[in-house]
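K.L.:
Just so it is clear, I am handing over entry29.csv, which has CSV, C-alpha atoms.
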```csv
chain,number,residue,atom,x,y,z
A,97,GLN,CA,4.5,17.2,-6.3
A,98,GLN,CA,4.6,13.9,-4.4
A,99,GLN,CA,0.8,13.3,-4.5
A,100,VAL,CA,-1.0,10.8,-6.5
A,101,LYS,CA,-4.7,11.7,-7.0
A,102,GLN,CA,-7.1,8.8,-7.5
A,103,SER,CA,-10.7,8.8,-8.6
A,104,PRO,CA,-13.5,7.9,-8.1
A,105,GLN,CA,-13.6,7.1,-4.4
A,106,SER,CA,-16.2,4.4,-5.0
A,107,LEU,CA,-17.6,2.7,-8.1
A,108,ILE,CA,-20.5,0.4,-8.7
A,109,VAL,CA,-20.4,-1.6,-12.0
A,110,GLN,CA,-22.8,-4.2,-13.3
A,111,LYS,CA,-21.4,-7.7,-13.8
A,112,GLY,CA,-19.9,-7.9,-17.3
A,113,GLY,CA,-19.2,-4.2,-17.5
A,114,ILE,CA,-16.0,-2.2,-17.7
A,115,SER,CA,-14.6,-0.7,-14.5
A,116,ILE,CA,-12.3,2.3,-14.9
A,117,ILE,CA,-10.3,3.9,-12.2
A,118,ASN,CA,-8.1,6.9,-12.8
A,119,CYS,CA,-4.9,8.3,-11.2
A,120,ALA,CA,-3.0,11.5,-11.9
A,121,TYR,CA,0.5,12.6,-10.7
A,122,GLU,CA,2.6,15.7,-10.8
A,123,ASN,CA,6.2,14.4,-10.4
A,124,THR,CA,7.7,13.6,-13.8
A,125,ALA,CA,10.5,11.7,-12.1
A,126,PHE,CA,8.1,8.9,-11.2
A,127,ASP,CA,9.0,5.8,-13.3
A,128,TYR,CA,7.0,3.0,-11.9
A,129,PHE,CA,3.2,2.9,-11.6
A,130,PRO,CA,1.7,-0.2,-9.9
A,131,TRP,CA,-1.9,-1.0,-9.1
A,132,TYR,CA,-2.7,-3.0,-5.9
A,133,GLN,CA,-5.9,-4.9,-5.1
A,134,GLN,CA,-7.1,-5.2,-1.5
A,135,PHE,CA,-9.8,-7.6,-0.3
A,136,PRO,CA,-11.5,-7.0,3.1
A,137,GLY,CA,-9.3,-8.2,6.0
A,138,LYS,CA,-6.3,-8.6,3.8
A,139,GLY,CA,-3.2,-6.6,2.9
A,140,PRO,CA,-2.9,-5.1,-0.6
A,141,ALA,CA,-1.4,-7.3,-3.3
A,142,LEU,CA,0.2,-6.2,-6.6
A,143,LEU,CA,-2.2,-6.6,-9.5
A,144,ILE,CA,-0.4,-5.0,-12.4
A,145,ALA,CA,2.3,-2.4,-13.0
A,146,ILE,CA,3.6,-0.3,-15.8
A,147,ARG,CA,6.7,1.8,-16.6
A,148,PRO,CA,6.4,5.1,-18.6
A,149,ASP,CA,8.1,3.7,-21.7
A,150,VAL,CA,4.9,1.9,-22.7
A,151,SER,CA,1.4,3.3,-23.1
A,152,GLU,CA,-0.5,0.2,-22.3
A,153,LYS,CA,0.0,-3.1,-20.4
A,154,LYS,CA,-2.6,-5.9,-20.4
A,155,GLU,CA,-2.8,-8.9,-18.1
A,156,GLY,CA,-5.9,-11.0,-18.6
A,157,ARG,CA,-8.9,-8.8,-18.0
A,158,PHE,CA,-6.8,-6.0,-16.4
A,159,THR,CA,-5.2,-3.2,-18.5
A,160,ILE,CA,-3.2,-0.2,-17.5
A,161,SER,CA,-3.4,2.7,-19.8
A,162,PHE,CA,-0.6,5.3,-19.4
A,163,ASN,CA,-0.6,8.9,-20.8
A,164,LYS,CA,2.8,10.4,-20.1
A,165,SER,CA,2.0,13.9,-21.5
A,166,ALA,CA,-1.1,14.1,-19.4
A,167,LYS,CA,0.6,12.6,-16.3
A,168,GLN,CA,-2.3,10.2,-15.9
A,169,PHE,CA,-2.8,6.4,-15.8
A,170,SER,CA,-5.8,4.3,-15.4
A,171,LEU,CA,-6.9,0.7,-14.6
A,172,HIS,CA,-9.5,-0.9,-16.8
A,173,ILE,CA,-11.2,-4.1,-15.7
A,174,MET,CA,-13.0,-5.8,-18.6
A,175,ASP,CA,-15.9,-8.1,-18.1
A,176,SER,CA,-16.0,-7.2,-14.4
A,177,GLN,CA,-17.0,-10.0,-12.1
A,178,PRO,CA,-18.3,-10.0,-8.5
A,179,GLY,CA,-15.0,-11.5,-7.4
A,180,ASP,CA,-13.3,-8.3,-8.6
A,181,SER,CA,-15.1,-6.4,-5.8
A,182,ALA,CA,-12.3,-4.9,-3.7
A,183,THR,CA,-10.4,-1.7,-3.0
A,184,TYR,CA,-7.9,-0.7,-5.6
A,185,PHE,CA,-4.9,1.5,-5.0
A,186,CYS,CA,-2.7,3.2,-7.6
A,187,ALA,CA,0.8,4.1,-6.6
A,188,ALA,CA,3.9,5.7,-8.0
A,189,SER,CA,7.6,5.6,-7.2
A,190,MET,CA,11.1,6.4,-8.7
A,191,ASP,CA,14.4,4.5,-8.5
A,192,SER,CA,16.0,7.2,-6.4
A,193,ASN,CA,13.4,7.0,-3.7
A,194,TYR,CA,12.5,4.2,-1.3
A,195,GLN,CA,8.9,5.1,-1.0
A,196,LEU,CA,5.7,4.2,-2.9
A,197,ILE,CA,3.4,7.2,-3.1
A,198,TRP,CA,-0.2,5.9,-2.8
A,199,GLY,CA,-3.5,7.1,-4.1
A,200,ALA,CA,-6.4,7.2,-1.7
A,201,GLY,CA,-8.1,4.1,-3.0
A,202,THR,CA,-11.3,3.2,-4.9
A,203,LYS,CA,-13.8,0.8,-3.5
A,204,LEU,CA,-15.2,-1.2,-6.4
A,205,ILE,CA,-18.5,-3.1,-6.1
A,206,ILE,CA,-19.5,-5.4,-9.0
A,207,LYS,CA,-23.3,-6.0,-8.9
A,208,PRO,CA,-24.4,-9.5,-10.0
B,123,ASN,CA,6.2,-19.4,1.7
B,124,ALA,CA,5.5,-17.3,4.8
B,125,GLY,CA,6.2,-13.9,3.1
B,126,VAL,CA,5.4,-11.1,5.6
B,127,THR,CA,4.0,-12.1,8.9
B,128,GLN,CA,2.4,-9.7,11.3
B,129,THR,CA,1.3,-10.4,14.9
B,130,PRO,CA,-1.0,-10.0,16.6
B,131,LYS,CA,-4.0,-9.8,14.2
B,132,PHE,CA,-6.2,-8.0,16.6
B,133,ARG,CA,-5.6,-6.0,19.8
B,134,ILE,CA,-7.5,-3.8,22.1
B,135,LEU,CA,-5.4,-1.3,24.2
B,136,LYS,CA,-6.4,1.1,26.9
B,137,ILE,CA,-5.4,4.7,26.6
B,138,GLY,CA,-1.8,5.1,27.9
B,139,GLN,CA,-0.8,1.5,27.4
B,140,SER,CA,2.1,0.5,25.2
B,141,MET,CA,2.6,-2.4,22.8
B,142,THR,CA,4.8,-3.7,20.0
B,143,LEU,CA,3.5,-4.8,16.7
B,144,GLN,CA,5.7,-7.5,15.3
B,145,CYS,CA,6.6,-7.9,11.6
B,146,THR,CA,8.9,-10.5,10.1
B,147,GLN,CA,9.7,-11.4,6.5
B,148,ASP,CA,11.5,-14.4,5.1
B,149,MET,CA,12.3,-13.1,1.6
B,150,ASN,CA,15.6,-11.3,2.5
B,151,HIS,CA,14.1,-8.0,1.5
B,152,ASN,CA,16.1,-4.9,2.3
B,153,TYR,CA,13.2,-2.4,2.4
B,154,MET,CA,10.5,-2.6,5.0
B,155,TYR,CA,7.6,-0.3,5.8
B,156,TRP,CA,4.9,0.3,8.3
B,157,TYR,CA,1.6,1.8,7.1
B,158,ARG,CA,-1.6,2.7,8.8
B,159,GLN,CA,-5.0,2.5,7.1
B,160,ASP,CA,-7.9,4.3,8.5
B,161,PRO,CA,-11.5,3.4,7.4
B,162,GLY,CA,-12.1,4.4,3.8
B,163,MET,CA,-8.7,6.0,3.5
B,164,GLY,CA,-5.5,5.1,1.8
B,165,LEU,CA,-2.2,4.0,3.2
B,166,LYS,CA,-0.2,6.4,5.3
B,167,LEU,CA,3.5,5.7,5.8
B,168,ILE,CA,4.6,5.7,9.5
B,169,TYR,CA,8.3,4.5,9.3
B,170,TYR,CA,10.4,2.7,6.8
B,171,SER,CA,13.8,1.0,6.7
B,172,VAL,CA,16.2,0.4,3.9
B,173,GLY,CA,18.3,-2.1,5.8
B,174,ALA,CA,19.4,-3.4,9.2
B,175,GLY,CA,20.3,-0.5,11.5
B,176,ILE,CA,18.7,2.1,9.2
B,177,THR,CA,15.3,3.6,9.8
B,178,ASP,CA,13.6,6.8,8.8
B,179,LYS,CA,10.3,8.7,9.4
B,180,GLY,CA,7.4,8.6,7.0
B,181,GLU,CA,4.4,10.8,6.8
B,182,VAL,CA,2.8,10.1,10.3
B,183,PRO,CA,5.6,9.0,12.7
B,184,ASN,CA,4.4,10.8,15.9
B,185,GLY,CA,3.6,8.4,18.7
B,186,TYR,CA,5.5,5.5,17.1
B,187,ASN,CA,9.0,4.1,17.2
B,188,VAL,CA,10.7,1.4,15.2
B,189,SER,CA,14.0,-0.6,15.2
B,190,ARG,CA,15.6,-2.8,12.6
B,191,SER,CA,18.3,-5.0,14.2
B,192,THR,CA,18.0,-7.7,11.6
B,193,THR,CA,17.0,-7.9,8.0
B,194,GLU,CA,14.0,-10.1,8.9
B,195,ASP,CA,12.4,-8.1,11.7
B,196,PHE,CA,10.9,-4.6,11.8
B,197,PRO,CA,8.8,-4.1,15.0
B,198,LEU,CA,6.6,-1.1,15.5
B,199,ARG,CA,6.3,0.3,19.0
B,200,LEU,CA,3.4,2.3,20.2
B,201,GLU,CA,4.1,4.3,23.4
B,202,LEU,CA,1.2,5.8,25.4
B,203,ALA,CA,-1.6,4.7,23.1
B,204,ALA,CA,-4.2,7.3,22.1
B,205,PRO,CA,-7.6,6.8,20.5
B,206,SER,CA,-6.2,8.5,17.4
B,207,GLN,CA,-4.0,5.4,16.9
B,208,THR,CA,-7.0,3.2,16.4
B,209,SER,CA,-6.4,1.9,12.9
B,210,VAL,CA,-5.3,-1.1,10.8
B,211,TYR,CA,-1.5,-1.4,10.6
B,212,PHE,CA,0.2,-3.0,7.7
B,213,CYS,CA,3.8,-4.1,7.4
B,214,ALA,CA,5.3,-4.4,3.9
B,215,SER,CA,8.7,-5.3,2.4
B,216,ARG,CA,10.4,-4.9,-1.0
B,217,VAL,CA,13.6,-6.3,-2.3
B,218,GLY,CA,14.9,-2.8,-3.1
B,219,GLY,CA,17.0,-1.5,-5.9
B,220,MET,CA,14.9,-1.1,-9.1
B,221,ASN,CA,11.3,-0.5,-8.5
B,222,THR,CA,9.8,-3.7,-7.3
B,223,GLU,CA,6.7,-5.3,-5.9
B,224,ALA,CA,5.8,-4.6,-2.2
B,225,PHE,CA,4.6,-7.6,-0.3
B,226,PHE,CA,2.1,-6.9,2.6
B,227,GLY,CA,1.3,-8.7,5.8
B,228,GLN,CA,-2.3,-9.5,6.7
B,229,GLY,CA,-2.5,-6.4,9.0
B,230,THR,CA,-3.1,-5.8,12.7
B,231,ARG,CA,-6.4,-4.2,13.7
B,232,LEU,CA,-5.8,-2.1,16.8
B,233,THR,CA,-8.4,-0.4,18.9
B,234,VAL,CA,-7.5,2.1,21.6
B,235,VAL,CA,-10.3,2.6,24.2
```
When written as structure tokens, how does the structure in this file appear?
P.N.:
Amino acid sequence: QQQVKQSPQSLIVQKGGISIINCAYENTAFDYFPWYQQFPGKGPALLIAIRPDVSEKKEGRFTISFNKSAKQFSLHIMDSQPGDSATYFCAASMDSNYQLIWGAGTKLIIKP
Amino acid sequence: NAGVTQTPKFRILKIGQSMTLQCTQDMNHNYMYWYRQDPGMGLKLIYYSVGAGITDKGEVPNGYNVSRSTTEDFPLRLELAAPSQTSVYFCASRVGGMNTEAFFGQGTRLTVV
């Protein structure tokens, strides 16, 4: 119930392509779904987040798509660049709980 | 803006030794967390705190202890280090209340030999 399942574990995309990372959850009480980006040797940093009252949120080349009925959300990176190469984590939380529940991470490599 | 500061950045411990990983934040955040990240794996919660004087166990607390005497500081204590504690440790903080962004430190890479 508390798990967030993330896929794929790793992803290689050509420069200029679209990178798509998927997450699924079970607990319908979750009401906040952030994506974090982590570069080697650094801590994760918030990239973009969404609440379940909207189906999509876009910030520059990064878009979260949210499907409440399927209990799934995904990160789309348009026009992927080598600088996007990093590990991406999805997470979920709810107001009544202090914790963020993390996906296992996706290592993204953008090939020039 | 210092944000979340962790020290040390790297440390090698011998089996059975003890050490304290330091974490301090200057954003007046109520919530603080300690995670460990093993190679190719996600973040596992060790301990967390929702305010000074209040701490609670996360998913993997065995072998660790924490304290929260001030809002700013949240040290993680390793007693009797074991090779299984070789990992990268991250401290994070959030302002609390409504779901909010977590800010992470740069991490401490610990090797137990």
K.L.:
Take CA of Tyr132 (chain A) and CA of Ser170 (chain A) and report the distance between them in Å, one decimal.
P.N.:
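Going from CA of Tyr132 (chain A) over to CA of Ser170 (chain A) covers 12.4 Å.
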K.L.:
List every residue of chain A that has an atom at most 7 Å from any atom of chain B, and for each one report the closest atom pair and its distance in Å to one decimal, counting only C-alpha atoms, with rows sorted by chain and then by increasing residue number, as JSON lines.
P.N.:
```
{"residue": "A:Tyr128", "atom": "CA", "partner": "B:Asn221", "partner_atom": "CA", "distance": 6.5}
{"residue": "A:Lys138", "atom": "CA", "partner": "B:Gln228", "partner_atom": "CA", "distance": 5.0}
{"residue": "A:Gly139", "atom": "CA", "partner": "B:Gln228", "partner_atom": "CA", "distance": 4.9}
{"residue": "A:Pro140", "atom": "CA", "partner": "B:Phe226", "partner_atom": "CA", "distance": 6.2}
{"residue": "A:Ala141", "atom": "CA", "partner": "B:Phe225", "partner_atom": "CA", "distance": 6.7}
{"residue": "A:Leu142", "atom": "CA", "partner": "B:Glu223", "partner_atom": "CA", "distance": 6.6}
{"residue": "A:Met190", "atom": "CA", "partner": "B:Asn221", "partner_atom": "CA", "distance": 6.9}
{"residue": "A:Asp191", "atom": "CA", "partner": "B:Met220", "partner_atom": "CA", "distance": 5.7}
{"residue": "A:Trp198", "atom": "CA", "partner": "B:Leu165", "partner_atom": "CA", "distance": 6.6}
{"residue": "A:Gly199", "atom": "CA", "partner": "B:Gly164", "partner_atom": "CA", "distance": 6.5}
{"residue": "A:Ala200", "atom": "CA", "partner": "B:Gly164", "partner_atom": "CA", "distance": 4.2}
{"residue": "A:Gly201", "atom": "CA", "partner": "B:Gly164", "partner_atom": "CA", "distance": 5.5}
```
K.L.:
Which residues, written as a VMD selection string, have at least one atom at most 8 Å from region 109-115 of chain A, with only C-alpha atoms counted and residues fewer than 6 positions away on the same chain left out?
P.N.:
chain A and resid 171 to 178 204 to 208
K.L.:
Could you name the residues that touch Ala145 (chain A) at 12 Å or less, counting all atoms listed in the file, but leaving out those on the same chain fewer than 6 positions away, as a PyMOL selection string?
P.N.:
(chain A and resi 127-133+151-155+158-162+169-171+185-189) or (chain B and resi 221-224)
K.L.:
Go ahead and compute the interatomic distance for CA of Lys136 (chain B) and CA of Leu232 (chain B), in Å to one decimal.
P.N.:
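Between these atoms lies a distance of 10.6 Å.
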K.L.:
What residues have an atom no more than 12 Å from (14.6, -13.0, 5.1) in the file's own frame, counting only C-alpha atoms, and can you write them as a ChimeraX atom specification?
P.N.:
/B:123-127,145-154,173-174,192-196,215-217
K.L.:
Mind checking which residues fall within 10 Å of Ala166 (chain A), counting only C-alpha atoms, ignoring those fewer than 6 positions away in the same chain, and posting them as a ChimeraX atom specification?
P.N.:
/A:120-122
K.L.:
Work out how far apart CA of Asp149 (chain A) and CA of Gln98 (chain A) are and give it in Å to one decimal.
P.N.:
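Separating CA of Asp149 (chain A) from CA of Gln98 (chain A) is a distance of 20.4 Å.
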K.L.:
Which of these residues is nearest to Ile137 (chain B), using only C-alpha atoms: B:Ala203, B:Lys179, B:Asn187, B:Thr208?
P.N.:
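Among the listed residues, the smallest separation from Ile137 (chain B) belongs to B:Ala203.
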K.L.:
Which of these, B:Ile168, B:Val235, B:Met141, B:Ile134, has the shortest distance to Ala204 (chain B) once you count all atoms listed in the file?
P.N.:
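Of all the options, B:Val235 lies closest to Ala204 (chain B).
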K.L.:
So, counting all atoms listed in the file, which residue among A:Tyr194, A:Gly137, A:Val150, A:Gln99 is closest to Phe132 (chain B)?
P.N.:
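Among A:Tyr194, A:Gly137, A:Val150, A:Gln99, it is A:Gly137 that comes nearest to Phe132 (chain B).
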K.L.:
Find the residues near Ser189 (chain B): any atom within 8 Å, counting all atoms listed in the file, skip ones fewer than 3 places away on the same chain, and give them as an MDAnalysis selection string.
P.N.:
chainID B and resid 175 177 196:198
